[in-house]
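Heads up, target_31.txt below (compact mmCIF, C-alpha atoms and all ligand atoms):
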```
# COMPACT_ATOMS: atom_id res chain seq x y z
CA MET A 18 20.60 -15.11 2.73
CA GLU A 19 22.01 -13.30 -0.28
CA ILE A 20 20.63 -9.79 -0.73
CA LYS A 21 21.50 -7.87 -3.86
CA VAL A 22 21.06 -4.12 -4.40
CA LEU A 23 20.42 -2.81 -7.92
CA SER A 24 19.37 0.36 -9.70
CA ARG A 25 16.24 0.42 -11.88
CA GLN A 26 18.35 0.07 -15.01
CA ALA A 27 20.45 -2.79 -13.59
CA MET A 28 17.21 -4.52 -12.52
CA GLU A 29 15.79 -4.24 -16.02
CA GLU A 30 18.99 -5.76 -17.44
CA PHE A 31 19.32 -8.37 -14.68
CA LYS A 32 19.37 -12.05 -15.64
CA SER A 33 19.93 -14.96 -13.28
CA ASP A 34 19.59 -18.74 -13.24
CA GLU A 35 19.34 -18.58 -9.47
CA ASN A 36 15.95 -18.65 -7.75
CA HIS A 37 15.19 -15.15 -6.59
CA ILE A 38 12.48 -12.80 -5.42
CA VAL A 39 12.38 -9.05 -6.12
CA ILE A 40 11.49 -6.06 -3.97
CA SER A 41 10.87 -3.38 -6.58
CA ILE A 42 10.93 0.22 -5.36
CA SER A 43 10.14 3.15 -7.61
CA ASP A 44 9.12 6.79 -7.38
CA PRO A 45 5.37 7.42 -7.12
CA ASN A 46 3.85 7.99 -10.59
CA SER A 47 6.96 6.73 -12.37
CA GLU A 48 7.04 4.34 -15.31
CA LYS A 49 6.52 0.65 -14.61
CA VAL A 50 9.75 -1.29 -13.99
CA LYS A 51 10.32 -3.94 -16.67
CA ILE A 52 11.59 -7.05 -14.92
CA SER A 53 12.58 -9.97 -17.15
CA SER A 54 14.66 -12.11 -14.77
CA LYS A 55 11.65 -14.35 -14.00
CA PRO A 56 11.61 -14.02 -10.20
CA PHE A 57 9.31 -16.25 -8.15
CA ASP A 58 7.59 -13.25 -6.72
CA ILE A 59 7.71 -9.45 -6.87
CA LEU A 60 6.74 -6.94 -4.20
CA SER A 61 6.27 -3.50 -5.77
CA LEU A 62 6.41 -0.40 -3.58
CA GLN A 63 6.25 3.29 -4.46
CA PHE A 64 7.65 6.00 -2.23
CA HIS A 65 10.05 8.95 -2.46
CA ASP A 66 13.64 8.84 -1.30
CA VAL A 67 13.07 10.89 1.85
CA ASP A 68 15.50 10.10 4.63
CA LYS A 69 13.90 12.00 7.49
CA PRO A 70 10.70 11.29 9.39
CA LEU A 71 7.91 13.85 9.64
CA VAL A 72 8.47 16.67 12.09
CA ALA A 73 5.94 18.68 14.07
CA ARG A 74 4.75 21.77 12.21
CA ASP A 75 6.47 24.20 14.60
CA LYS A 76 9.78 22.34 14.00
CA CYS A 77 9.42 22.31 10.22
CA THR A 78 12.39 24.03 8.57
CA ALA A 79 10.71 24.07 5.16
CA CYS A 80 7.60 26.08 5.98
CA LYS A 81 8.84 27.48 9.31
CA GLY A 82 5.63 26.46 11.03
CA THR A 83 3.41 28.44 8.70
CA GLY A 84 2.23 25.39 6.76
CA TYR A 85 2.88 27.49 3.69
CA LEU A 86 5.71 26.75 1.26
CA PRO A 87 6.80 29.78 -0.73
CA GLU A 88 9.15 27.70 -2.89
CA TYR A 89 10.16 24.14 -3.40
CA LYS A 90 12.63 22.92 -0.79
CA ASN A 91 14.88 19.92 -0.61
CA ILE A 92 12.62 16.95 0.10
CA ASN A 93 15.19 15.79 2.63
CA ASP A 94 14.79 18.79 4.89
CA GLY A 95 12.41 16.92 7.16
CA HIS A 96 8.92 18.23 6.52
CA CYS A 97 5.75 18.50 8.54
CA TYR A 98 2.57 16.71 7.46
CA ARG A 99 1.20 19.84 5.84
CA CYS A 100 4.34 20.30 3.70
CA THR A 101 4.48 16.69 2.51
CA THR A 102 0.82 16.91 1.52
CA MET A 103 1.36 20.14 -0.37
CA LEU A 104 4.45 18.82 -2.16
CA ASP A 105 2.82 15.43 -2.67
CA ILE A 106 5.76 13.69 -1.05
CA LYS A 107 5.16 10.02 -0.25
CA LEU A 108 7.21 8.83 2.69
CA PHE A 109 8.03 5.21 3.42
CA THR A 110 5.28 3.93 5.74
CA ASP A 111 4.97 1.40 8.58
CA ALA A 112 2.53 -0.53 6.38
CA GLN A 113 5.21 -0.84 3.68
CA ALA A 114 7.77 -2.01 6.27
CA LYS A 115 5.24 -4.66 7.32
CA GLU A 116 4.68 -5.70 3.69
CA ILE A 117 8.40 -6.24 3.18
CA LEU A 118 8.75 -8.38 6.31
CA SER A 119 5.67 -10.48 5.45
CA PHE A 120 6.92 -10.93 1.90
CA ILE A 121 10.22 -12.40 3.14
CA GLU A 122 8.61 -14.48 5.90
CA LEU A 123 6.06 -15.98 3.49
CA ARG A 124 8.76 -17.10 1.09
CA LYS A 125 10.82 -18.53 3.93
CA ASN A 126 7.88 -20.61 5.15
CA ASN A 127 6.85 -21.85 1.73
CA ASN A 128 10.02 -23.65 0.78
CA GLY A 129 12.90 -24.63 3.00
CA LYS A 130 15.47 -23.41 0.51
CA GLU A 131 16.30 -19.73 0.68
CA GLU A 132 16.12 -17.66 -2.44
CA MET A 133 18.29 -14.74 -3.34
CA ILE A 134 16.60 -11.42 -2.60
CA VAL A 135 17.06 -8.68 -5.18
CA VAL A 136 16.11 -5.19 -4.01
CA HIS A 137 16.15 -2.32 -6.43
CA CYS A 138 15.16 1.35 -6.41
CA GLU A 139 15.74 4.14 -8.93
CA ALA A 140 19.47 4.73 -8.32
CA GLY A 141 20.29 1.60 -6.30
CA ILE A 142 21.97 3.62 -3.56
CA SER A 143 19.57 4.73 -0.87
CA ARG A 144 16.10 3.18 -0.59
CA SER A 145 17.10 -0.31 -1.77
CA ALA A 146 20.21 -0.26 0.43
CA GLY A 147 18.06 0.75 3.41
CA VAL A 148 15.86 -2.29 2.83
CA ALA A 149 18.82 -4.60 2.17
CA GLY A 150 20.74 -3.36 5.22
CA ALA A 151 17.80 -3.91 7.56
CA LEU A 152 17.02 -7.37 6.15
CA SER A 153 20.67 -8.35 6.30
CA LEU A 154 20.94 -7.31 9.94
CA ILE A 155 17.80 -9.33 10.75
CA TYR A 156 18.61 -12.49 8.79
CA ASN A 157 22.40 -12.46 8.45
CA GLY A 158 23.39 -10.64 11.64
CA SER A 159 25.27 -7.83 9.89
CA ASP A 160 24.52 -4.77 7.78
CA GLN A 161 28.13 -3.62 7.40
CA TYR A 162 28.42 -4.36 3.68
CA TYR A 163 25.50 -2.09 2.80
CA PHE A 164 26.84 0.81 4.87
CA ASP A 165 30.30 0.39 3.33
CA LYS A 166 29.11 0.25 -0.26
CA PHE A 167 25.94 2.37 -0.33
CA LEU A 168 24.14 5.21 1.45
CA PRO A 169 21.18 3.45 3.07
CA ASN A 170 18.05 5.53 3.54
CA MET A 171 17.88 5.66 7.34
CA LEU A 172 14.12 6.21 7.50
CA VAL A 173 13.58 3.00 5.56
CA TYR A 174 16.28 1.14 7.50
CA ARG A 175 14.94 2.15 10.93
CA LYS A 176 11.28 1.62 10.10
CA ILE A 177 11.90 -1.98 8.99
CA LEU A 178 13.98 -2.77 12.09
CA ASN A 179 11.43 -1.11 14.39
CA MET A 180 8.60 -3.05 12.79
CA TYR A 181 10.55 -6.29 13.08
CA HIS A 182 11.19 -5.76 16.81
CA LEU A 183 7.59 -4.70 17.38
CA GLN A 184 6.36 -7.91 15.75
CA LEU A 185 8.84 -10.00 17.79
CA LYS A 186 7.59 -8.43 20.99
CA PHE A 187 4.00 -9.04 19.93
CA LYS A 188 4.71 -12.70 19.09
CA LYS A 189 6.35 -13.24 22.49
CA GLY A 190 3.37 -11.61 24.21
ZN ZN A 201 6.11 22.36 7.03
```

Please express the file's structure as structure tokens.
Amino acid sequence: MEIKVLSRQAMEEFKSDENHIVISISDPNSEKVKISSKPFDILSLQFHDVDKPLVARDKCTACKGTGYLPEYKNINDGHCYRCTTMLDIKLFTDAQAKEILSFIELRKNNNGKEEMIVVHCEAGISRSAGVAGALSLIYNGSDQYYFDKFLPNMLVYRKILNMYHLQLKFKKG
């Protein structure tokens, strides 16, 4: 299964004669991505490029457990729920991980022939590579390429793999 990683700009300029589907990732409240490559299907997801899961409030380095943020901190500090709400940070969710897996599985069941998967985010470095790395490990048995060439978002990467294994376990009973 070929999985391509692109930036928003590269996605908007992308043309291909090959059958493909697109996982389109953008920042919340950002402009709509203009895709003209005529993919079979598009899954659009919005979340910020946060690499760390939520921490308990007393472990929060941003607000130091006070739930109060005196100034804006790096969104990658690892925030508590209160902080992410106050800063309006949207983390990648389990539901989104599930959507990605269903999207791929549906396409696989519909037609025997595999399509190329194009994943893009804003910069084409972190979120899209996290998705591509996880999918490549699941379907191709290796994620090496994506770790060599990009900086996969580990929250995204782990959440997709965890969800995949959870679903496998559930299917097996
Ligand atoms: Zn906090």

May I have the residues within 8 Å of ligand ZN 201 (chain A), computed using only C-alpha atoms and all ligand atoms, as a PDB file with C-alpha atoms, in the frame of the given file?
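Below is the file out.pdb, written as the result:
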```pdb
ATOM      1  CA  VAL A  72       8.470  16.670  12.090  1.00  0.00           C
ATOM      2  CA  ALA A  73       5.940  18.680  14.070  1.00  0.00           C
ATOM      3  CA  ARG A  74       4.750  21.770  12.210  1.00  0.00           C
ATOM      4  CA  ASP A  75       6.470  24.200  14.600  1.00  0.00           C
ATOM      5  CA  LYS A  76       9.780  22.340  14.000  1.00  0.00           C
ATOM      6  CA  CYS A  77       9.420  22.310  10.220  1.00  0.00           C
ATOM      7  CA  THR A  78      12.390  24.030   8.570  1.00  0.00           C
ATOM      8  CA  ALA A  79      10.710  24.070   5.160  1.00  0.00           C
ATOM      9  CA  CYS A  80       7.600  26.080   5.980  1.00  0.00           C
ATOM     10  CA  LYS A  81       8.840  27.480   9.310  1.00  0.00           C
ATOM     11  CA  GLY A  82       5.630  26.460  11.030  1.00  0.00           C
ATOM     12  CA  THR A  83       3.410  28.440   8.700  1.00  0.00           C
ATOM     13  CA  GLY A  84       2.230  25.390   6.760  1.00  0.00           C
ATOM     14  CA  TYR A  85       2.880  27.490   3.690  1.00  0.00           C
ATOM     15  CA  LEU A  86       5.710  26.750   1.260  1.00  0.00           C
ATOM     16  CA  HIS A  96       8.920  18.230   6.520  1.00  0.00           C
ATOM     17  CA  CYS A  97       5.750  18.500   8.540  1.00  0.00           C
ATOM     18  CA  TYR A  98       2.570  16.710   7.460  1.00  0.00           C
ATOM     19  CA  ARG A  99       1.200  19.840   5.840  1.00  0.00           C
ATOM     20  CA  CYS A 100       4.340  20.300   3.700  1.00  0.00           C
ATOM     21  CA  THR A 101       4.480  16.690   2.510  1.00  0.00           C
TER      22      THR A 101
END
```

(request) Pick out the closest residue to Lys32 (chain A) from this set: A:Asp68, A:Gly95, A:His137, A:Pro56. Count all atoms listed in the file. (result)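 Looking at the shortest contact to Lys32 (chain A), the residue is A:Pro56.
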
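Summary of the local environment: counting all atoms listed in the file, residues at most 6 Å from region 147-153 of chain A, other than itself and those fewer than 5 positions away along its chain, are Ser159, Asp160, Tyr163, Pro169, Asn170, Val173 and Tyr174 of chain A.
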
(request) Have a look at CA of Met171 (chain A) and CA of Arg144 (chain A) and let me know their distance in Å, one decimal. (result) 8.5 Å

Return the padded bounding box of region 25-36 of chain A as AutoDock Vina command-line options: axis-aligned, built from all atoms listed in the file, 4 Å added on each side, with centre and edge lengths in Å to one decimal.
```
--center_x 18.1 --center_y -9.2 --center_z -12.6 --size_x 12.7 --size_y 27.2 --size_z 17.7
```

(message) Here is a test: counting all atoms listed in the file, which residue of A:Ser61, A:Asn179, A:Ser54, A:Thr102 is nearest to Asn36 (chain A)?
(response)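 Ranked by minimum distance to Asn36 (chain A), first place goes to A:Ser54.
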
(request) Pick out the closest residue to Leu168 (chain A) from this set: A:Leu183, A:Val39, A:Val22, A:Ile106. Count all atoms listed in the file. (result) A:Val22

(request) Rank nothing, just name the residue among A:Ala114, A:Ile38, A:Val136, A:Leu71 nearest to Arg175 (chain A), using all atoms listed in the file. (result)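 Of all the options, A:Ala114 lies closest to Arg175 (chain A).
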
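Rounded to one decimal, CA of Glu139 (chain A) and CA of Lys125 (chain A) lie 26.5 Å from each other.
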
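The interatomic distance for the pair CA of Asp44 (chain A) and CA of Ser143 (chain A) works out to 12.5 Å.
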
(request) Please provide as a PyMOL selection string all residues within 9 Å of Phe120 (chain A), with the sequence filter that same-chain residues fewer than 2 positions apart are discarded (counting all atoms listed in the file). (result) chain A and resi 40+58-60+115-118+122-125
